[in-house]
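Structure, as structure tokens:
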Amino acid sequence: MGLFNNQAGDRLLQQADLIITIGYSPVEYEPAMWNSGKAMLVHIDVLPAEADNLYLPDAELVGDIAQTVRKIAARIASPLQLSEAAAAVLEDRRQQRQLLAMQGASLDQFALHPL
């Protein structure tokens, strides 16, 4: 997250009912760009959240990030069940990545190209 032109990630954030930020800093990706205010927000970091009108976590877990994530993961009893809308966004993103990979593989030029 936090990259411009990240339509799949942005679409998933708009559908989310829970957003967990890990090591998040508003400087990296300002809350106005991704937080609709509809989802419960959990902040995990070594530092307390930098409060903002659009970044007011419902819960903050401050401390060792790796240990916090391990403890949360240990409490998850069953795999995540995606909504049909979220699954469609991820499938669309998978297809876009596949097309970019094919396009990159077909490039035949001297200079290195990012694809």
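So you can find residues: chains in the structure tokens are A, B, ... in the order shown, residues in each start at 1, and ligands are numbered from 1 in order.
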- Message: For Asp17 of chain A, find every residue with an atom within 9 Å (counting only C-alpha atoms), except residues of its own chain fewer than 3 positions away, and show them as JSON, numbers by chain.
- Response: {"A": [13, 14, 38, 39, 40, 41]}
- Go through chain A and collect every residue that DSSP, computed from the backbone, puts in helix (DSSP H, G or I); the answer should be as a ChimeraX atom specification. /A:7-15,31-33,65-74,84-106
Print the selection's residues with N, CA and C atoms to a file, as a short mmCIF file (atom, residue, chain, number, x, y, z; two decimals), in the first residue's frame.
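Written output follows (selection.cif):
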data_model
loop_
_atom_site.label_atom_id
_atom_site.label_comp_id
_atom_site.auth_asym_id
_atom_site.auth_seq_id
_atom_site.Cartn_x
_atom_site.Cartn_y
_atom_site.Cartn_z
N GLN A 7 -4.60 0.73 -7.83
CA GLN A 7 -6.06 0.67 -7.86
C GLN A 7 -6.62 -0.55 -7.11
N ALA A 8 -5.99 -1.70 -7.26
CA ALA A 8 -6.51 -2.89 -6.58
C ALA A 8 -6.47 -2.70 -5.07
N GLY A 9 -5.37 -2.23 -4.55
CA GLY A 9 -5.26 -2.00 -3.11
C GLY A 9 -6.25 -0.96 -2.63
N ASP A 10 -6.39 0.11 -3.39
CA ASP A 10 -7.34 1.16 -3.01
C ASP A 10 -8.78 0.65 -3.03
N ARG A 11 -9.11 -0.16 -4.02
CA ARG A 11 -10.46 -0.73 -4.09
C ARG A 11 -10.72 -1.66 -2.92
N LEU A 12 -9.73 -2.44 -2.52
CA LEU A 12 -9.89 -3.33 -1.37
C LEU A 12 -10.06 -2.53 -0.08
N LEU A 13 -9.30 -1.46 0.07
CA LEU A 13 -9.45 -0.62 1.26
C LEU A 13 -10.84 -0.02 1.35
N GLN A 14 -11.42 0.37 0.23
CA GLN A 14 -12.77 0.95 0.23
C GLN A 14 -13.82 -0.08 0.65
N GLN A 15 -13.56 -1.37 0.41
CA GLN A 15 -14.51 -2.43 0.76
C GLN A 15 -14.30 -2.96 2.18
N PRO A 31 -3.73 9.57 5.14
CA PRO A 31 -5.01 8.90 5.37
C PRO A 31 -6.13 9.36 4.44
N ALA A 32 -6.12 10.60 4.02
CA ALA A 32 -7.17 11.09 3.13
C ALA A 32 -7.19 10.33 1.81
N MET A 33 -6.08 9.69 1.45
CA MET A 33 -5.98 8.95 0.20
C MET A 33 -6.60 7.56 0.29
N ILE A 65 6.54 -5.22 17.12
CA ILE A 65 5.63 -5.49 16.00
C ILE A 65 5.58 -6.97 15.67
N ALA A 66 6.73 -7.62 15.54
CA ALA A 66 6.75 -9.03 15.16
C ALA A 66 6.02 -9.89 16.18
N GLN A 67 6.27 -9.64 17.44
CA GLN A 67 5.60 -10.42 18.49
C GLN A 67 4.09 -10.16 18.49
N THR A 68 3.70 -8.93 18.28
CA THR A 68 2.27 -8.58 18.22
C THR A 68 1.58 -9.31 17.08
N VAL A 69 2.19 -9.30 15.90
CA VAL A 69 1.60 -9.96 14.74
C VAL A 69 1.53 -11.48 14.96
N ARG A 70 2.58 -12.06 15.55
CA ARG A 70 2.55 -13.50 15.85
C ARG A 70 1.42 -13.86 16.80
N LYS A 71 1.22 -13.05 17.83
CA LYS A 71 0.14 -13.33 18.79
C LYS A 71 -1.24 -13.21 18.14
N ILE A 72 -1.41 -12.23 17.28
CA ILE A 72 -2.68 -12.09 16.57
C ILE A 72 -2.88 -13.29 15.65
N ALA A 73 -1.86 -13.65 14.88
CA ALA A 73 -1.94 -14.77 13.93
C ALA A 73 -2.29 -16.08 14.66
N ALA A 74 -1.76 -16.26 15.85
CA ALA A 74 -2.02 -17.49 16.62
C ALA A 74 -3.48 -17.59 17.04
N GLU A 84 -17.12 -11.88 -2.52
CA GLU A 84 -17.04 -12.01 -3.98
C GLU A 84 -16.43 -10.76 -4.60
N ALA A 85 -16.77 -9.59 -4.05
CA ALA A 85 -16.22 -8.34 -4.60
C ALA A 85 -14.71 -8.28 -4.39
N ALA A 86 -14.22 -8.66 -3.22
CA ALA A 86 -12.78 -8.65 -2.96
C ALA A 86 -12.06 -9.68 -3.83
N ALA A 87 -12.66 -10.85 -3.98
CA ALA A 87 -12.05 -11.88 -4.83
C ALA A 87 -11.96 -11.39 -6.28
N ALA A 88 -12.97 -10.66 -6.74
CA ALA A 88 -12.95 -10.13 -8.11
C ALA A 88 -11.83 -9.10 -8.29
N VAL A 89 -11.63 -8.26 -7.28
CA VAL A 89 -10.55 -7.27 -7.34
C VAL A 89 -9.20 -7.97 -7.43
N LEU A 90 -9.00 -8.99 -6.61
CA LEU A 90 -7.73 -9.72 -6.60
C LEU A 90 -7.51 -10.48 -7.91
N GLU A 91 -8.57 -11.06 -8.47
CA GLU A 91 -8.45 -11.77 -9.75
C GLU A 91 -8.10 -10.78 -10.86
N ASP A 92 -8.72 -9.62 -10.85
CA ASP A 92 -8.41 -8.59 -11.84
C ASP A 92 -6.94 -8.18 -11.73
N ARG A 93 -6.46 -8.02 -10.52
CA ARG A 93 -5.06 -7.64 -10.30
C ARG A 93 -4.11 -8.75 -10.78
N ARG A 94 -4.48 -10.01 -10.54
CA ARG A 94 -3.67 -11.14 -10.98
C ARG A 94 -3.55 -11.13 -12.51
N GLN A 95 -4.68 -10.88 -13.18
CA GLN A 95 -4.66 -10.83 -14.64
C GLN A 95 -3.82 -9.67 -15.16
N GLN A 96 -3.90 -8.51 -14.50
CA GLN A 96 -3.10 -7.36 -14.90
C GLN A 96 -1.61 -7.66 -14.76
N ARG A 97 -1.23 -8.31 -13.67
CA ARG A 97 0.19 -8.66 -13.45
C ARG A 97 0.66 -9.66 -14.51
N GLN A 98 -0.21 -10.60 -14.86
CA GLN A 98 0.14 -11.58 -15.88
C GLN A 98 0.37 -10.89 -17.23
N LEU A 99 -0.50 -9.94 -17.57
CA LEU A 99 -0.33 -9.20 -18.83
C LEU A 99 0.97 -8.40 -18.83
N LEU A 100 1.29 -7.75 -17.71
CA LEU A 100 2.54 -7.00 -17.63
C LEU A 100 3.75 -7.93 -17.77
N ALA A 101 3.68 -9.10 -17.16
CA ALA A 101 4.78 -10.06 -17.27
C ALA A 101 4.96 -10.50 -18.72
N MET A 102 3.86 -10.76 -19.41
CA MET A 102 3.94 -11.16 -20.82
C MET A 102 4.51 -10.03 -21.66
N GLN A 103 4.06 -8.81 -21.39
CA GLN A 103 4.56 -7.65 -22.13
C GLN A 103 6.06 -7.48 -21.88
N GLY A 104 6.49 -7.61 -20.65
CA GLY A 104 7.90 -7.49 -20.31
C GLY A 104 8.75 -8.56 -20.97
N ALA A 105 8.22 -9.78 -21.01
CA ALA A 105 8.96 -10.88 -21.63
C ALA A 105 9.12 -10.68 -23.13
N SER A 106 8.21 -9.94 -23.74
CA SER A 106 8.27 -9.75 -25.19
C SER A 106 9.15 -8.57 -25.60
#
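For the residues A:Glu28, A:Ala59, A:Arg75, A:Thr21, ranking by smallest atom-to-atom distance to Asp45 of chain A using only C-alpha atoms places A:Thr21 first.
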- With a distance cut-off of 8 Å and only C-alpha atoms, select the neighbouring residues of Ile20 of chain A, excluding the residue or stretch itself and same-chain residues fewer than 5 positions from it, and output the selection as a ChimeraX atom specification. /A:41-44
Restricting it to C-alpha atoms, dump the selection as a PDB file, in the first residue's frame.
ATOM      1  CA  LEU A  41      -8.883   0.847  12.252  1.00  0.00           C
ATOM      2  CA  VAL A  42      -6.159  -0.929  14.255  1.00  0.00           C
ATOM      3  CA  HIS A  43      -2.681   0.619  14.556  1.00  0.00           C
ATOM      4  CA  ILE A  44       0.276  -1.712  15.228  1.00  0.00           C
TER       5      ILE A  44
END
- Task: Name the residues in contact with Glu50 of chain A at a cut-off of 9 Å, using only C-alpha atoms, excluding same-chain residues fewer than 4 positions from it; report them as JSON, numbers by chain.
- Result: {"A": [25, 26, 55, 56]}
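Per DSSP on the backbone, strand (DSSP E or B) in chain A comprises Leu18, Ile19, Ile20, Thr21, Ile22, Met40, Leu41, Val42, His43, Ile44, Asp45, Asp52, Tyr55, Ala59, Glu60, Leu61 and Val62 of chain A.
Going from atom CA of Tyr29 of chain A over to atom CA of Leu54 of chain A, you cover 11.8 Å.
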- Residue with the minimum atom-to-atom distance to Asp52 of chain A, picked from A:Leu82, A:Ala77, A:Asn35, A:Leu107 with only C-alpha atoms counted, is A:Asn35
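Closest approach to Gly63 of chain A among A:Gly23, A:Ile76, A:Gly37, A:Leu18 is made by A:Gly23 (distances from only C-alpha atoms).
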